[in-house]
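To keep things clear, I will list the structure first and then write my remarks on it.
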Amino acid sequence: MTLDSTGITKLENRAIRYLATAVEFGGISLAADHFGVSQPALSKAISRLEADLGVELLQRGQGARPTEAGEMVLRYALQTRRDLAELLSGLQKLRTGRGGVLRVGATQDWAQEVLPSALLELRERFGDVSATMTIGASNRLPELLREKSIDLYFGPIADEEVLQELHCEVFMRDWVDVYAERDNPIHGLRLAGLAELRAFPWGLPGPDTFIRRSFVRLFAAAGLAPPTPVVTSNSVALIAQVAARGGFLTYLSEIAAEQFGQGLLRRVDLPVARTPRRRGAVVRAGAQLTPLQRSFVDIARRVCGAGNR
């Protein structure tokens, strides 16, 4: 008889337990006593399993010694029990938040400011946790979230993102301002409005980033076309350094200016150029966070609060 999937599927029944116990105890009668069934009933169950599989599992007339096929079945059964135990343990860890995999995105400022501390605390508290952290520009992270390449991300929260099937948890608010190197002549001027900023060279983040979109909206609200940047980059650190060393103006969050400007940048005193910004965690609308993800978001929120951001 040829084995097929019909026979294999019947391994998960009481007959396989009868077989394993008979071999372990060294006899059919001892196994029957263990399960509280008659010896004929137990023998019949094993014989039915042999018929289903088309092989003999016990050496007849030699107690409860397994055949070669019986050894294979017992190894399979043992591995199956181990796999099941591992599965149940993993599911328990997921239910309790004490294990699993995090797939998190973040902008560069979060990668330096918050996430290392939050991840280390999560590992310390829950142990069996692994993480994949994707660092990207603010315009790319919503796409990754919708593609389900990541499960949540930390970054700036724009109004238009709230409307595009995303759910946002705001942790903090800060400001985006015009910055220039400390010795830039602009700091000695009495600026009347945005129009005067167009005379200076600019270094700006990419056109689809939150900062750049805010910059364009700022000038549009004043009826002005925005300055054309001399330098454009998706690296906020590069833009900050260009402004800090090259005489350019730039438009950055106060956190980015502090982190990447290395103390060389100073905010330009022009209140009309200030733009409020919200920052926090973003997930897909209607998504149910796992306990592990929820714990990580809560830890990140607390780390942000501890940093007075």
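Chain labels follow the order of the structure tokens: the first chain is A, the next B, and so on; residue numbering restarts at 1 in every chain, and ligands are counted from 1 in their shown order.
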How close does range 96-140 of chain A get to range 235-258 of chain A? List, as a Markdown table, each residue of range 96-140 of chain A within 10 Å, its nearest atom pair and the distance in Å to one decimal, counting only C-alpha atoms.
```
| residue | atom | partner | partner_atom | distance |
| --- | --- | --- | --- | --- |
| A:Thr107 | CA | A:Val236 | CA | 9.6 |
| A:Gln108 | CA | A:Val236 | CA | 7.8 |
| A:Asp109 | CA | A:Ala256 | CA | 6.4 |
| A:Trp110 | CA | A:Ile255 | CA | 9.7 |
| A:Glu113 | CA | A:Ile255 | CA | 8.9 |
| A:Gly136 | CA | A:Ser235 | CA | 9.3 |
| A:Ala137 | CA | A:Ser235 | CA | 8.0 |
```
- Item | Contact residues around Gln59 in chain A with only C-alpha atoms at 10 Å, ignoring same-chain residues under 5 positions, as an MDAnalysis selection string | chainID A and resid 64:68 70
For range 197-202 of chain A, work out the shell of residues within 12 Å, counting only C-alpha atoms and skipping chain neighbours fewer than 5 positions away, then give it as an mmCIF file with C-alpha atoms, in the first residue's frame.
```
data_model
loop_
_atom_site.group_PDB
_atom_site.id
_atom_site.type_symbol
_atom_site.label_atom_id
_atom_site.label_comp_id
_atom_site.auth_asym_id
_atom_site.auth_seq_id
_atom_site.Cartn_x
_atom_site.Cartn_y
_atom_site.Cartn_z
ATOM 1 C CA VAL A 178 14.210 79.121 9.423
ATOM 2 C CA TYR A 179 17.796 78.491 10.542
ATOM 3 C CA ALA A 180 21.155 79.867 9.505
ATOM 4 C CA ASN A 184 25.137 84.665 8.992
ATOM 5 C CA PRO A 185 24.374 88.379 8.321
ATOM 6 C CA ILE A 186 20.647 87.640 8.328
ATOM 7 C CA HIS A 187 20.689 87.633 12.128
ATOM 8 C CA LEU A 189 18.602 92.303 9.881
ATOM 9 C CA ARG A 190 15.161 93.468 10.930
ATOM 10 C CA LEU A 191 13.074 91.225 8.701
ATOM 11 C CA ALA A 192 9.600 92.397 7.823
ATOM 12 C CA ARG A 212 9.303 70.899 2.400
ATOM 13 C CA PHE A 215 7.687 75.371 3.545
ATOM 14 C CA PHE A 219 4.962 80.958 1.251
ATOM 15 C CA LEU A 224 4.569 84.118 -2.656
ATOM 16 C CA ALA A 225 6.407 81.486 -4.633
ATOM 17 C CA PRO A 226 8.882 79.669 -2.387
ATOM 18 C CA PRO A 227 12.625 80.154 -2.907
ATOM 19 C CA THR A 228 14.294 77.631 -5.191
ATOM 20 C CA PRO A 229 16.879 75.717 -3.152
ATOM 21 C CA VAL A 230 20.500 75.556 -4.230
ATOM 22 C CA VAL A 231 20.896 72.238 -2.416
ATOM 23 C CA THR A 232 18.204 69.574 -2.002
ATOM 24 C CA SER A 233 18.667 66.295 -0.138
ATOM 25 C CA ILE A 239 21.046 69.911 4.899
ATOM 26 C CA ALA A 240 21.765 71.019 8.461
ATOM 27 C CA VAL A 242 25.270 72.730 4.571
ATOM 28 C CA ALA A 243 23.427 75.512 6.375
ATOM 29 C CA ALA A 244 25.786 75.440 9.362
ATOM 30 C CA GLY A 246 28.008 77.121 3.879
ATOM 31 C CA GLY A 247 26.001 80.289 4.476
ATOM 32 C CA PHE A 248 22.680 78.787 3.383
ATOM 33 C CA LEU A 249 19.314 79.254 4.998
ATOM 34 C CA THR A 250 17.332 76.150 5.761
ATOM 35 C CA TYR A 251 13.974 75.140 7.174
ATOM 36 C CA LEU A 252 14.205 72.584 9.966
ATOM 37 C CA VAL A 268 16.203 83.332 12.350
ATOM 38 C CA ASP A 269 13.988 85.780 14.245
ATOM 39 C CA LEU A 270 10.927 85.864 12.014
ATOM 40 C CA VAL A 272 5.709 84.586 10.648
ATOM 41 C CA ALA A 273 7.986 81.807 9.376
#
```
- Task: Apply DSSP to the backbone of this structure and, from range 54-149 of chain A, keep only the residues in helix (DSSP H, G or I); write these as a ChimeraX atom specification.
- Result: /A:68-96,108-113,115-126,141-146
- Message: So that I can check the surroundings of Thr21 in chain A, please list as a VMD selection string every protein, DNA and RNA residue that reaches within 10 Å of it, counting only C-alpha atoms and ignoring chain neighbours fewer than 3 positions away.
- Response: chain A and resid 15 to 18 24 to 28 30 to 32 34 to 35 64
